[in-house]
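Undergrad: So here's protein_25.tsv (TSV, C-alpha atoms and all ligand atoms).
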chain	number	residue	atom	x	y	z
X	1	MET	CA	-9.09	4.98	-27.89
X	2	LYS	CA	-9.84	5.79	-24.27
X	3	VAL	CA	-7.69	4.11	-21.63
X	4	PRO	CA	-8.97	4.80	-18.13
X	5	PHE	CA	-6.52	4.63	-15.25
X	6	LEU	CA	-8.81	2.15	-13.52
X	7	ASP	CA	-11.93	0.20	-14.42
X	8	LEU	CA	-13.96	-0.57	-11.33
X	9	GLN	CA	-17.09	-1.21	-13.39
X	10	ALA	CA	-15.35	-4.06	-15.22
X	11	GLN	CA	-14.34	-5.47	-11.85
X	12	TYR	CA	-17.93	-5.26	-10.67
X	13	ARG	CA	-19.13	-7.09	-13.77
X	14	GLU	CA	-16.83	-9.98	-12.88
X	15	VAL	CA	-17.88	-10.23	-9.24
X	16	LYS	CA	-21.49	-9.10	-9.61
X	17	LYS	CA	-23.13	-12.44	-8.92
X	18	ASP	CA	-21.14	-13.21	-5.79
X	19	VAL	CA	-21.23	-9.67	-4.43
X	20	ASN	CA	-24.95	-9.23	-4.97
X	21	SER	CA	-25.82	-12.50	-3.30
X	22	ALA	CA	-23.45	-11.68	-0.39
X	23	LEU	CA	-25.17	-8.32	0.06
X	24	ARG	CA	-28.59	-9.95	-0.01
X	25	ARG	CA	-27.42	-12.41	2.66
X	26	ILE	CA	-26.29	-9.60	4.94
X	27	PHE	CA	-29.54	-7.66	4.53
X	28	ARG	CA	-31.49	-10.84	5.27
X	29	ARG	CA	-29.51	-11.33	8.47
X	30	SER	CA	-29.09	-7.60	9.13
X	31	ASP	CA	-26.00	-8.24	11.22
X	32	PHE	CA	-24.40	-5.06	9.92
X	33	ILE	CA	-21.92	-4.48	12.75
X	34	LEU	CA	-19.25	-7.13	13.35
X	35	GLY	CA	-21.51	-9.75	11.81
X	36	GLU	CA	-20.77	-13.28	10.73
X	37	GLU	CA	-19.25	-12.39	7.35
X	38	GLU	CA	-17.00	-9.80	8.96
X	39	ARG	CA	-15.51	-12.41	11.26
X	40	LEU	CA	-15.23	-14.87	8.40
X	41	PHE	CA	-13.41	-12.36	6.21
X	42	GLU	CA	-11.00	-11.51	9.05
X	43	ARG	CA	-10.15	-15.19	9.33
X	44	GLU	CA	-9.80	-15.67	5.59
X	45	PHE	CA	-7.67	-12.61	4.99
X	46	ALA	CA	-5.41	-13.36	7.99
X	47	ARG	CA	-4.94	-16.89	6.64
X	48	TYR	CA	-4.24	-15.52	3.17
X	49	CYS	CA	-1.50	-13.34	4.67
X	50	GLY	CA	-0.06	-16.21	6.70
X	51	ARG	CA	-1.07	-14.65	10.03
X	52	LYS	CA	-3.00	-15.93	13.05
X	53	PHE	CA	-5.32	-12.95	13.54
X	54	GLY	CA	-7.05	-10.26	11.50
X	55	ILE	CA	-8.81	-7.20	12.92
X	56	GLY	CA	-11.12	-5.43	10.47
X	57	VAL	CA	-11.14	-1.66	10.85
X	58	ASN	CA	-12.55	1.42	9.13
X	59	SER	CA	-9.59	2.19	6.88
X	60	GLY	CA	-5.91	1.65	6.24
X	61	THR	CA	-5.20	4.85	8.13
X	62	ASP	CA	-7.00	3.51	11.18
X	63	ALA	CA	-5.15	0.20	10.85
X	64	LEU	CA	-1.90	2.13	11.28
X	65	ILE	CA	-3.14	4.41	14.08
X	66	LEU	CA	-4.62	1.54	16.07
X	67	SER	CA	-1.51	-0.61	15.64
X	68	LEU	CA	0.66	2.20	17.01
X	69	ARG	CA	-1.74	2.79	19.90
X	70	ALA	CA	-1.98	-0.91	20.71
X	71	MET	CA	1.82	-1.05	20.92
X	72	GLY	CA	1.78	1.86	23.35
X	73	ILE	CA	3.42	4.26	20.91
X	74	GLY	CA	2.36	7.89	21.32
X	75	ALA	CA	3.43	11.23	22.75
X	76	GLY	CA	7.19	11.67	23.03
X	77	ASP	CA	7.94	8.76	20.68
X	78	GLU	CA	9.43	8.82	17.21
X	79	VAL	CA	8.58	6.51	14.34
X	80	ILE	CA	10.66	6.08	11.19
X	81	VAL	CA	8.71	6.36	7.92
X	82	PRO	CA	9.79	6.77	4.29
X	83	ALA	CA	9.77	10.30	2.89
X	84	PHE	CA	8.01	9.07	-0.27
X	85	THR	CA	4.61	7.45	0.30
X	86	PHE	CA	0.96	8.35	0.75
X	87	ILE	CA	0.58	10.80	3.63
X	88	ALA	CA	-1.39	8.38	5.83
X	89	THR	CA	1.82	6.49	6.62
X	90	ALA	CA	3.06	9.58	8.47
X	91	SER	CA	-0.21	11.19	9.54
X	92	SER	CA	-1.19	8.01	11.39
X	93	VAL	CA	1.97	8.44	13.47
X	94	SER	CA	1.02	12.05	14.22
X	95	LEU	CA	-2.57	11.10	14.99
X	96	ALA	CA	-1.33	8.51	17.47
X	97	GLY	CA	0.51	11.39	19.18
X	98	ALA	CA	4.03	10.46	18.07
X	99	THR	CA	6.42	12.16	15.62
X	100	PRO	CA	7.24	10.77	12.19
X	101	VAL	CA	10.93	10.85	11.28
X	102	PHE	CA	11.50	10.70	7.54
X	103	VAL	CA	14.11	8.54	5.83
X	104	ASP	CA	14.93	8.69	2.13
X	105	VAL	CA	13.95	5.93	-0.27
X	106	ASP	CA	16.05	3.74	-2.52
X	107	GLU	CA	16.15	5.23	-6.00
X	108	GLN	CA	15.57	1.88	-7.73
X	109	THR	CA	12.68	0.59	-5.64
X	110	LEU	CA	11.25	3.80	-4.14
X	111	ASN	CA	10.93	1.88	-0.88
X	112	ILE	CA	12.61	2.92	2.37
X	113	ASP	CA	16.38	2.68	2.15
X	114	ALA	CA	17.20	0.42	5.09
X	115	GLY	CA	20.81	1.58	4.95
X	116	ARG	CA	19.72	5.04	6.09
X	117	ILE	CA	17.55	4.03	9.02
X	118	GLU	CA	20.23	3.81	11.70
X	119	ARG	CA	21.31	7.42	11.11
X	120	ALA	CA	17.77	8.59	11.86
X	121	LEU	CA	17.43	6.76	15.17
X	122	THR	CA	17.35	8.61	18.49
X	123	LYS	CA	16.59	7.53	22.03
X	124	LYS	CA	12.95	8.23	21.28
X	125	THR	CA	12.62	5.92	18.26
X	126	ARG	CA	10.10	3.18	18.96
X	127	ALA	CA	9.09	1.81	15.58
X	128	VAL	CA	9.64	1.68	11.84
X	129	ILE	CA	6.86	1.66	9.24
X	130	PRO	CA	8.16	0.25	5.96
X	131	VAL	CA	5.74	0.80	3.09
X	132	HIS	CA	5.46	-1.80	0.32
X	133	LEU	CA	5.05	1.00	-2.16
X	134	PHE	CA	3.08	0.48	-5.38
X	135	GLY	CA	2.81	-3.24	-4.59
X	136	GLN	CA	6.47	-4.12	-4.26
X	137	PRO	CA	7.74	-5.33	-0.87
X	138	ALA	CA	10.30	-3.19	0.90
X	139	ASP	CA	13.60	-4.98	1.49
X	140	MET	CA	12.62	-6.48	4.82
X	141	ILE	CA	15.60	-8.57	5.91
X	142	PRO	CA	18.02	-5.67	6.54
X	143	LEU	CA	15.20	-3.64	8.04
X	144	LEU	CA	14.14	-6.41	10.43
X	145	LYS	CA	17.77	-6.85	11.47
X	146	ILE	CA	18.06	-3.17	12.38
X	147	ALA	CA	14.74	-3.27	14.20
X	148	ARG	CA	15.83	-6.28	16.23
X	149	LYS	CA	19.16	-4.68	17.08
X	150	HIS	CA	17.52	-1.49	18.34
X	151	ASN	CA	14.41	-3.06	19.83
X	152	LEU	CA	12.02	-1.32	17.45
X	153	LYS	CA	8.54	-2.43	16.49
X	154	VAL	CA	7.93	-3.01	12.80
X	155	ILE	CA	4.52	-2.10	11.38
X	156	GLU	CA	4.24	-2.94	7.71
X	157	ASP	CA	2.20	-0.52	5.67
X	158	ALA	CA	0.87	-3.02	3.14
X	159	ALA	CA	-1.99	-0.76	2.00
X	160	GLN	CA	-0.84	-1.13	-1.62
X	161	ALA	CA	0.48	-4.66	-1.55
X	162	HIS	CA	-2.21	-7.31	-1.01
X	163	GLY	CA	-0.69	-10.63	-1.98
X	164	ALA	CA	2.85	-9.46	-2.76
X	165	LEU	CA	5.70	-11.76	-1.78
X	166	TYR	CA	9.15	-11.28	-0.32
X	167	TYR	CA	11.72	-13.95	-1.15
X	168	GLU	CA	14.45	-14.15	1.45
X	169	GLY	CA	17.11	-15.66	-0.74
X	170	GLY	CA	16.39	-13.54	-3.81
X	171	LYS	CA	14.62	-14.96	-6.81
X	172	GLY	CA	17.48	-16.66	-8.57
X	173	LYS	CA	18.78	-18.39	-5.45
X	174	ALA	CA	17.30	-21.15	-3.37
X	175	ARG	CA	14.17	-19.25	-2.67
X	176	GLY	CA	11.44	-20.62	-0.51
X	177	ALA	CA	7.76	-20.03	-0.97
X	178	GLY	CA	8.17	-16.35	-0.17
X	179	ARG	CA	6.53	-14.41	2.62
X	180	LYS	CA	3.41	-12.39	2.12
X	181	THR	CA	3.54	-8.67	2.76
X	182	GLY	CA	1.96	-7.99	6.11
X	183	SER	CA	3.36	-11.21	7.62
X	184	MET	CA	6.89	-10.08	8.45
X	185	GLY	CA	6.63	-7.29	11.01
X	186	ASP	CA	4.89	-7.11	14.39
X	187	ALA	CA	1.75	-6.08	12.51
X	188	GLY	CA	0.69	-5.71	8.88
X	189	CYS	CA	-1.74	-2.95	7.93
X	190	PHE	CA	-3.96	-3.05	4.86
X	191	SER	CA	-6.33	-0.62	3.19
X	192	PHE	CA	-9.38	-1.81	1.27
X	193	TYR	CA	-10.01	1.57	-0.36
X	194	PRO	CA	-11.97	0.77	-3.57
X	195	THR	CA	-9.03	1.27	-5.93
X	196	LYS	CA	-6.69	-1.08	-4.09
X	197	ASN	CA	-5.78	-4.55	-5.44
X	198	LEU	CA	-8.36	-5.80	-2.96
X	199	GLY	CA	-10.86	-2.97	-2.60
X	200	GLY	CA	-14.31	-2.67	-1.08
X	201	ALA	CA	-17.34	-0.59	-1.95
X	202	GLY	CA	-16.19	2.14	0.41
X	203	ASP	CA	-13.55	2.50	3.09
X	204	GLY	CA	-12.09	-0.41	4.99
X	205	GLY	CA	-8.87	-1.76	6.41
X	206	MET	CA	-7.33	-4.61	8.38
X	207	ILE	CA	-4.49	-5.33	10.77
X	208	VAL	CA	-2.99	-8.81	10.62
X	209	LEU	CA	-0.69	-10.19	13.29
X	210	ASP	CA	0.27	-13.20	15.42
X	211	ASP	CA	0.54	-11.77	18.95
X	212	GLU	CA	-2.59	-12.68	20.91
X	213	ARG	CA	-2.20	-9.92	23.52
X	214	LEU	CA	-1.91	-7.28	20.84
X	215	TYR	CA	-4.89	-8.83	19.07
X	216	GLN	CA	-7.06	-8.64	22.20
X	217	ARG	CA	-6.09	-5.01	22.68
X	218	LEU	CA	-6.91	-4.15	19.06
X	219	ILE	CA	-10.28	-5.88	19.29
X	220	MET	CA	-11.12	-3.46	22.11
X	221	LEU	CA	-9.46	-0.40	20.57
X	222	ARG	CA	-11.49	-0.62	17.37
X	223	ASP	CA	-14.77	-1.03	19.26
X	224	ASN	CA	-15.01	1.74	21.87
X	225	GLY	CA	-12.65	-0.05	24.23
X	226	ARG	CA	-15.33	-2.67	24.83
X	227	LYS	CA	-14.73	-5.75	26.89
X	228	SER	CA	-18.41	-6.61	26.75
X	229	ARG	CA	-21.37	-4.57	25.49
X	230	TYR	CA	-21.30	-1.80	28.11
X	231	GLU	CA	-18.06	-2.61	29.88
X	232	HIS	CA	-15.22	-0.46	28.55
X	233	ARG	CA	-11.67	-1.35	29.61
X	234	ILE	CA	-9.81	1.25	27.59
X	235	ILE	CA	-10.61	4.41	25.68
X	236	GLY	CA	-11.16	3.18	22.16
X	237	TYR	CA	-12.34	4.25	18.73
X	238	ASN	CA	-15.33	3.44	16.61
X	239	SER	CA	-13.35	1.85	13.80
X	240	ARG	CA	-15.02	-1.37	12.74
X	241	LEU	CA	-15.10	-2.91	9.30
X	242	ASP	CA	-18.74	-3.00	8.14
X	243	THR	CA	-20.15	-6.47	7.57
X	244	LEU	CA	-21.34	-5.29	4.14
X	245	GLN	CA	-17.81	-4.29	3.19
X	246	ALA	CA	-16.40	-7.54	4.53
X	247	ALA	CA	-18.89	-9.51	2.41
X	248	VAL	CA	-17.88	-7.60	-0.72
X	249	LEU	CA	-14.20	-8.08	0.10
X	250	GLY	CA	-14.67	-11.78	0.82
X	251	SER	CA	-16.18	-12.25	-2.65
X	252	LYS	CA	-13.23	-10.46	-4.23
X	253	LEU	CA	-10.52	-12.20	-2.18
X	254	LYS	CA	-11.14	-15.39	-4.15
X	255	ARG	CA	-10.02	-13.54	-7.28
X	256	LEU	CA	-7.13	-11.57	-5.85
X	257	ASP	CA	-4.36	-13.92	-6.99
X	258	ALA	CA	-5.73	-14.13	-10.52
X	259	TRP	CA	-6.10	-10.35	-10.67
X	260	ASN	CA	-2.55	-9.87	-9.38
X	261	ASP	CA	-1.31	-12.35	-12.01
X	262	ARG	CA	-2.98	-10.30	-14.74
X	263	ARG	CA	-1.47	-7.09	-13.31
X	264	ARG	CA	1.95	-8.74	-13.50
X	265	ILE	CA	1.41	-9.70	-17.14
X	266	CYS	CA	0.36	-6.13	-17.98
X	267	ALA	CA	3.43	-4.77	-16.16
X	268	ARG	CA	5.74	-7.14	-18.04
X	269	MET	CA	4.25	-5.95	-21.30
X	270	TYR	CA	4.66	-2.27	-20.42
X	271	THR	CA	8.25	-2.86	-19.34
X	272	ASP	CA	9.15	-4.81	-22.49
X	273	LEU	CA	7.63	-2.19	-24.77
X	274	LEU	CA	8.98	0.85	-22.89
X	275	GLN	CA	12.48	-0.54	-22.37
X	276	ASP	CA	14.17	1.06	-25.35
X	277	ILE	CA	12.40	4.40	-25.56
X	278	SER	CA	14.92	7.15	-25.07
X	279	GLY	CA	14.18	9.35	-22.06
X	280	VAL	CA	12.01	6.71	-20.41
X	281	ASN	CA	13.20	4.77	-17.37
X	282	VAL	CA	11.34	1.71	-16.24
X	283	PHE	CA	11.60	0.17	-12.78
X	284	ASP	CA	12.68	-3.45	-12.66
X	285	GLU	CA	11.10	-5.82	-10.19
X	286	SER	CA	13.52	-6.37	-7.29
X	287	ASP	CA	15.29	-9.67	-7.02
X	288	TYR	CA	13.60	-10.42	-3.71
X	289	ALA	CA	10.09	-9.42	-4.78
X	290	ARG	CA	6.88	-10.63	-6.29
X	291	HIS	CA	5.51	-7.22	-7.14
X	292	VAL	CA	1.71	-6.98	-7.43
X	293	TYR	CA	1.65	-3.68	-9.33
X	294	HIS	CA	-0.97	-1.72	-7.49
X	295	ILE	CA	0.66	1.07	-9.48
X	296	TYR	CA	2.79	0.70	-12.60
X	297	CYS	CA	5.13	3.65	-12.74
X	298	MET	CA	7.97	4.82	-14.94
X	299	ARG	CA	10.08	7.91	-14.77
X	300	THR	CA	11.03	10.59	-17.24
X	301	PRO	CA	12.64	14.00	-16.80
X	302	ASP	CA	9.84	15.69	-18.80
X	303	ARG	CA	7.10	14.20	-16.67
X	304	ASP	CA	4.60	17.04	-16.82
X	305	GLY	CA	4.86	17.31	-20.61
X	306	LEU	CA	4.25	13.59	-21.03
X	307	VAL	CA	1.32	13.63	-18.59
X	308	GLY	CA	-0.26	16.40	-20.70
X	309	HIS	CA	0.29	14.48	-23.93
X	310	LEU	CA	-1.24	11.27	-22.56
X	311	LYS	CA	-4.24	13.01	-21.01
X	312	LYS	CA	-4.90	14.94	-24.19
X	313	ASN	CA	-5.10	11.60	-26.02
X	314	GLY	CA	-7.54	9.93	-23.67
X	315	VAL	CA	-5.16	8.10	-21.35
X	316	GLY	CA	-5.82	8.27	-17.63
X	317	VAL	CA	-2.47	8.82	-15.94
X	318	MET	CA	-1.66	9.94	-12.43
X	319	VAL	CA	1.30	11.10	-10.39
X	320	HIS	CA	1.99	9.17	-7.21
X	321	TYR	CA	3.18	11.42	-5.55
X	322	PRO	CA	4.04	14.94	-6.67
X	323	ILE	CA	5.17	16.17	-3.22
X	324	PRO	CA	7.29	14.09	-0.86
X	325	LEU	CA	6.12	14.07	2.74
X	326	HIS	CA	8.90	16.22	4.20
X	327	LEU	CA	7.87	19.04	1.84
X	328	GLN	CA	4.13	18.82	2.53
X	329	GLU	CA	2.64	21.87	4.17
X	330	ALA	CA	1.16	19.67	6.87
X	331	TYR	CA	4.70	18.74	7.95
X	332	ARG	CA	6.31	22.15	7.65
X	333	PHE	CA	6.47	22.36	11.44
X	334	LEU	CA	9.00	19.53	11.52
X	335	GLY	CA	11.56	21.81	9.84
X	336	TYR	CA	12.69	19.64	6.93
X	337	LYS	CA	13.86	21.39	3.79
X	338	ARG	CA	14.28	20.79	0.07
X	339	GLY	CA	17.40	18.71	-0.54
X	340	ASP	CA	17.00	16.61	2.63
X	341	PHE	CA	15.84	13.49	0.74
X	342	PRO	CA	17.15	13.61	-2.85
X	343	ALA	CA	15.75	10.26	-4.02
X	344	ALA	CA	12.25	11.12	-2.78
X	345	GLU	CA	12.43	14.56	-4.36
X	346	LYS	CA	13.65	13.19	-7.69
X	347	ALA	CA	10.87	10.60	-7.74
X	348	ALA	CA	8.27	13.27	-7.00
X	349	LYS	CA	9.48	15.23	-10.04
X	350	GLU	CA	9.89	12.41	-12.54
X	351	ILE	CA	7.42	9.70	-11.80
X	352	ILE	CA	4.28	8.92	-13.77
X	353	SER	CA	1.72	6.17	-13.15
X	354	LEU	CA	0.26	4.49	-16.24
X	355	PRO	CA	-3.15	2.79	-16.42
X	356	MET	CA	-3.00	-0.44	-14.44
X	357	HIS	CA	-5.76	-2.85	-13.46
X	358	PRO	CA	-6.59	-6.51	-14.17
X	359	PHE	CA	-8.99	-5.62	-16.99
X	360	LEU	CA	-6.51	-3.65	-19.04
X	361	LYS	CA	-6.31	-4.97	-22.58
X	362	ASN	CA	-3.09	-5.64	-24.46
X	363	SER	CA	-4.28	-3.27	-27.18
X	364	GLN	CA	-4.70	-0.51	-24.58
X	365	ILE	CA	-1.17	-1.06	-23.29
X	366	ARG	CA	0.19	-0.91	-26.85
X	367	PHE	CA	-1.76	2.32	-27.44
X	368	VAL	CA	-0.36	3.97	-24.28
X	369	VAL	CA	3.18	2.98	-25.23
X	370	SER	CA	2.71	4.21	-28.81
X	371	LEU	CA	1.75	7.64	-27.44
X	372	ILE	CA	4.82	7.69	-25.20
X	373	LYS	CA	6.98	6.72	-28.18
X	374	GLN	CA	5.35	9.41	-30.30
X	375	TYR	CA	6.09	12.03	-27.63
X	376	ALA	CA	9.68	10.86	-27.26
X	377	THR	CA	10.27	10.84	-31.02
X	378	ALA	CA	8.95	14.39	-31.27
X	379	GLY	CA	11.68	15.35	-28.80
X	380	GLY	CA	9.33	15.68	-25.86
X	381	VAL	CA	11.24	13.49	-23.46
X	382	HIS	CA	14.90	14.25	-23.12
X	383	ALA	CA	17.58	11.62	-23.48
X	384	ARG	CA	18.55	9.74	-20.37
X	401	LIG	C1	0.72	3.56	1.49
X	401	LIG	C2	-0.62	3.85	2.08
X	401	LIG	N1	-0.75	3.89	3.41
X	401	LIG	C3	-1.93	4.11	3.99
X	401	LIG	C4	-3.07	4.32	3.25
X	401	LIG	C5	-4.33	4.65	3.95
X	401	LIG	O1	-5.39	3.83	3.63
X	401	LIG	P1	-6.91	4.36	3.69
X	401	LIG	O2	-7.11	5.26	2.54
X	401	LIG	O3	-7.71	3.12	3.62
X	401	LIG	O4	-7.06	5.06	5.01
X	401	LIG	C6	-2.99	4.26	1.85
X	401	LIG	C7	-4.17	4.37	0.99
X	401	LIG	O5	-4.79	5.14	0.56
X	401	LIG	C8	-1.73	4.04	1.26
X	401	LIG	O6	-1.61	4.02	-0.07
Please render this file's structure as C-alpha cells.

TA:
Amino acid sequence: MKVPFLDLQAQYREVKKDVNSALRRIFRRSDFILGEEERLFEREFARYCGRKFGIGVNSGTDALILSLRAMGIGAGDEVIVPAFTFIATASSVSLAGATPVFVDVDEQTLNIDAGRIERALTKKTRAVIPVHLFGQPADMIPLLKIARKHNLKVIEDAAQAHGALYYEGGKGKARGAGRKTGSMGDAGCFSFYPTKNLGGAGDGGMIVLDDERLYQRLIMLRDNGRKSRYEHRIIGYNSRLDTLQAAVLGSKLKRLDAWNDRRRICARMYTDLLQDISGVNVFDESDYARHVYHIYCMRTPDRDGLVGHLKKNGVGVMVHYPIPLHLQEAYRFLGYKRGDFPAAEKAAKEIISLPMHPFLKNSQIRFVVSLIKQYATAGGVHAR
C-alpha cells in the first residue's frame, strides 16, 4: 500500500466544480489584480478569524515582513521568535531589518516557552512572534501578559494553524467558544502555500487584524505604497494576493472546518494506535487547544531508522524540522551554539511527521502504524 504524505489531487477532486467555475468567473471579468473576489475573500477570511480586516499578500513570509514594517519595526530592533519553526518566522524579522532573538520551545507542545521570554528581553526588544506550530495554538495568555507588561507587539505566525482555537480556561473548565488563531495578537499572519490546511494553487498569504490605522498602512505597503493609482505615500512592496488565488481559496474556505475535523479524527486514531508502542512518544493535544493538525508528529530516539523503514515501505514521511533555527547556517552570524536550546535540538533529532491530510483513509493510518509497530518489535526503536 502506498500512503502519500499529502494528497492534493484528492482535494482538487472535492473542490473541482467550485474552483473551476470561480476561475472561469475571474477570467471572464479579468480583474486579476485586487479584483472583486480578492476583496471578498479578505472579508470572509477576516470574519472567519474573528477579525475586522484582512490584507491579502503574496505569501506567509510577506505577511510577517509587512506586519513588522507596518508596526515600524526594523533596524536596531529585536524580535523574539521560537528556535524551532520554519525559517520564515525568523527570516522575515531579518528581512524587515531587525534581529531575531531565539527562545527555546516547550518540550510537550513544541511551541515557544512563554516562561523563557522575559530572560531574552533587552531594551531593543519590540515584538514577539509566537508560532502556532503544526496547527496547535501557542499558549497565548502568559505570552500576552508578558507582552503587555513590556509593551511588546505580538504578531501571531498562524501559517500552519487556519481554524485552530485557543480556550482561555482550558478545555475541562468553563471554556468559552475559544479564540481563533490569528485573532489574539496585534496581527495574525497566514500562509496559503498549497500544502497548508487552507492552501491555494500557488503562493499566497494574509494578515488579519483590528487596528484600522495599521490596516490602512498595510494596504499601501503591499501595493507599492499607493494612496491612489500613481500617488505613492510610502515606499512599499509588490505583494498582493492574486484574484485567481483568492477565488480558489474562497472555494476551499467553505470546507476548511470539515477538513480540520477529519484531520482531528485521523490524529486521534494515530494517537490511540501509537500510544502503547515502546520507543514511540506521541504528543497530546494541549488542554487549552483545538489543534488542527497541519502536521501530525511523533517522536522516537531512532528517528532516522524509522524514517528509512517507512519510506522503504511506501509511506511518505517528513521531518519538520531537522535543524533548529539557531543552528542554521543562515544564522551563524548571530553566534548561537549547540546546547543553547535543548528542547528545540531534541525535537530536531527525534521528530517525525506522519502522513496527514483530510483524505487519509483509516486503512492507511492502520498500515502506517503497523509498520511502526513492526520496526519497534524488531528492536528498531529503543525503549523510552
Ligand atoms: C510557521 C511558518 N511561518 C511562515 C511560513 C511562510 O509562509 P510562505 O511559505 O507562504 O511564505 C510558513 C510556511 O511555509 C510556516 O510554516

Undergrad: Smallest atom-to-atom distance to Val248 of chain X: which of X:Val282, X:Val15, X:Ile365, X:Met298, using all atoms listed in the file?

TA: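 Nearest candidate to Val248 of chain X out of X:Val282, X:Val15, X:Ile365, X:Met298: X:Val15.
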
Undergrad: Kindly compile the residues surrounding ligand LIG 401 (chain X) within 8 Å, counting all atoms listed in the file, and format them as a list in words.

TA: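 Final answer, ordered by chain and number: Asn58, Ser59, Gly60, Thr61, Asp62, Ala63, Leu64, Thr85, Phe86, Ile87, Ala88, Thr89, Val131, His132, Leu133, Phe134, Asp157, Ala158, Ala159, Gln160, Phe190, Ser191, Phe192, Tyr193, Lys196, Asp203, Gly204 and Gly205 of chain X.
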
Undergrad: Limited to C-alpha atoms, could you put the picked residues into a file as a compact mmCIF listing (two decimals), in the frame of the given file?

TA:
# COMPACT_ATOMS: atom_id res chain seq x y z
CA ASN X 58 -12.55 1.42 9.13
CA SER X 59 -9.59 2.19 6.88
CA GLY X 60 -5.91 1.65 6.24
CA THR X 61 -5.20 4.85 8.13
CA ASP X 62 -7.00 3.51 11.18
CA ALA X 63 -5.15 0.20 10.85
CA LEU X 64 -1.90 2.13 11.28
CA THR X 85 4.61 7.45 0.30
CA PHE X 86 0.96 8.35 0.75
CA ILE X 87 0.58 10.80 3.63
CA ALA X 88 -1.39 8.38 5.83
CA THR X 89 1.82 6.49 6.62
CA VAL X 131 5.74 0.80 3.09
CA HIS X 132 5.46 -1.80 0.32
CA LEU X 133 5.05 1.00 -2.16
CA PHE X 134 3.08 0.48 -5.38
CA ASP X 157 2.20 -0.52 5.67
CA ALA X 158 0.87 -3.02 3.14
CA ALA X 159 -1.99 -0.76 2.00
CA GLN X 160 -0.84 -1.13 -1.62
CA PHE X 190 -3.96 -3.05 4.86
CA SER X 191 -6.33 -0.62 3.19
CA PHE X 192 -9.38 -1.81 1.27
CA TYR X 193 -10.01 1.57 -0.36
CA LYS X 196 -6.69 -1.08 -4.09
CA ASP X 203 -13.55 2.50 3.09
CA GLY X 204 -12.09 -0.41 4.99
CA GLY X 205 -8.87 -1.76 6.41

Undergrad: Calculate how many Å separate atom CA of Ser92 of chain X from atom CA of Ile155 of chain X, rounding to one decimal.

TA: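 Computing the Euclidean distance for atom CA of Ser92 of chain X and atom CA of Ile155 of chain X yields 11.6 Å.
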
Undergrad: Counting all atoms listed in the file, give me one row per residue of segment 59-112 of chain X with an atom at most 9 Å from an atom of segment 211-223 of chain X, showing the shortest contact pair and its distance in Å to one decimal, sorted by chain then residue number, as a Markdown table.

TA:
| residue | atom | partner | partner_atom | distance |
| --- | --- | --- | --- | --- |
| X:Asp62 | CA | X:Arg222 | CA | 8.7 |
| X:Leu66 | CA | X:Leu218 | CA | 6.8 |
| X:Ser67 | CA | X:Leu218 | CA | 7.3 |
| X:Arg69 | CA | X:Leu221 | CA | 8.4 |
| X:Ala70 | CA | X:Leu218 | CA | 6.1 |
| X:Met71 | CA | X:Leu214 | CA | 7.3 |

Undergrad: Find the distance between atom CA of Val105 of chain X and atom CA of Arg268 of chain X and write it in Å to one decimal.

TA: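 Atom-to-atom, atom CA of Val105 of chain X and atom CA of Arg268 of chain X are spaced 23.5 Å apart.
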
Undergrad: X:Phe84, X:Tyr237, X:Trp259, X:Tyr167: which is nearest Arg290 of chain X, counting all atoms listed in the file?

TA: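 Ranked by minimum distance to Arg290 of chain X, first place goes to X:Tyr167.
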
Undergrad: Residues at most 10 Å from Leu274 of chain X, counting all atoms listed in the file, excluding those fewer than 6 positions away in the same chain, as a list in words?

TA: Arg268, Val280, Asn281, Val282, Met298, Arg366, Val368, Val369, Ser370, Ile372 and Lys373 of chain X

Undergrad: Within 10 Å of Lys17 of chain X, counting only C-alpha atoms, which residues qualify if same-chain residues fewer than 5 places away don't, as a list in words?

TA: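 So the residues in contact are Tyr12, Ala22 and Ser251 of chain X.
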
Undergrad: For Val57 of chain X, find every residue with an atom within 6 Å (counting only C-alpha atoms), except residues of its own chain fewer than 4 positions away, and show them as a PyMOL selection string.

TA: chain X and resi 205-206+239-241

Undergrad: In terms of the shortest atom-to-atom distance over all atoms listed in the file, which of X:Glu329, X:Ile55, X:Gly182, X:Thr300 is closest to Arg43 of chain X?

TA: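 Of X:Glu329, X:Ile55, X:Gly182, X:Thr300, the one nearest Arg43 of chain X, counting all atoms listed in the file, is X:Ile55.
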
Undergrad: Between atom CA of Ser30 of chain X and atom CA of Glu42 of chain X, measure the distance and give it in Å to one decimal.

TA: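 These atoms are spaced 18.5 Å apart.
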
Undergrad: So which one's closest to Lys254 of chain X, X:Pro322, X:Gly225, X:Gly314, X:Gly163? Using only C-alpha atoms, please.

TA: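 The shortest atom-to-atom distance to Lys254 of chain X comes from X:Gly163.
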
Undergrad: Have a look at X:Gly279, X:Gly339, X:Pro82, X:Pro301 and name the one nearest to Ala114 of chain X; count all atoms listed in the file.

TA: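 Between X:Gly279, X:Gly339, X:Pro82, X:Pro301, the residue approaching Ala114 of chain X most closely is X:Pro82.
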
Undergrad: List as JSON, numbers by chain: which residues have an atom within 12 Å of (13.6, 15.6, 1.4), counting only C-alpha atoms?

TA: {"X": [82, 83, 84, 101, 102, 103, 104, 105, 323, 324, 325, 326, 327, 328, 331, 332, 334, 335, 336, 337, 338, 339, 340, 341, 342, 343, 344, 345, 346, 347, 348]}

Undergrad: Determine, counting all atoms listed in the file, which protein, DNA and RNA residues have an atom within 9 Å of an atom of Arg263 of chain X; residues of the same chain fewer than 3 positions away are not included. Present the result as a list of chain:residue names.

TA: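 Residues meeting the cut-off are X:Ala258, X:Trp259, X:Asn260, X:Cys266, X:Ala267, X:Arg268, X:Val292, X:Tyr293, X:His294, X:Tyr296, X:Met356, X:His357, X:Pro358, X:Phe359, X:Leu360.
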
Undergrad: So which residues touch Gln108 of chain X within 9 Å, counting only C-alpha atoms, skipping near sequence neighbours fewer than 5 positions away, as a list in words?

TA: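 Listing them by chain and then by number gives Phe283, Asp284 and Ser286 of chain X.
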
Undergrad: Between X:Gly250, X:Gly169, X:Gly50, X:Gly115, which one has atoms that come closest to Glu38 of chain X, using only C-alpha atoms?

TA: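 Among the listed residues, X:Gly250 lies closest to Glu38 of chain X.
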
Undergrad: Kindly provide, as a PyMOL selection string, the polymer residues lying within 12 Å of (14.0, -7.8, 13.8), counting all atoms listed in the file and using the coordinates exactly as they appear in the file.

TA: chain X and resi 127-128+140-155+184-186
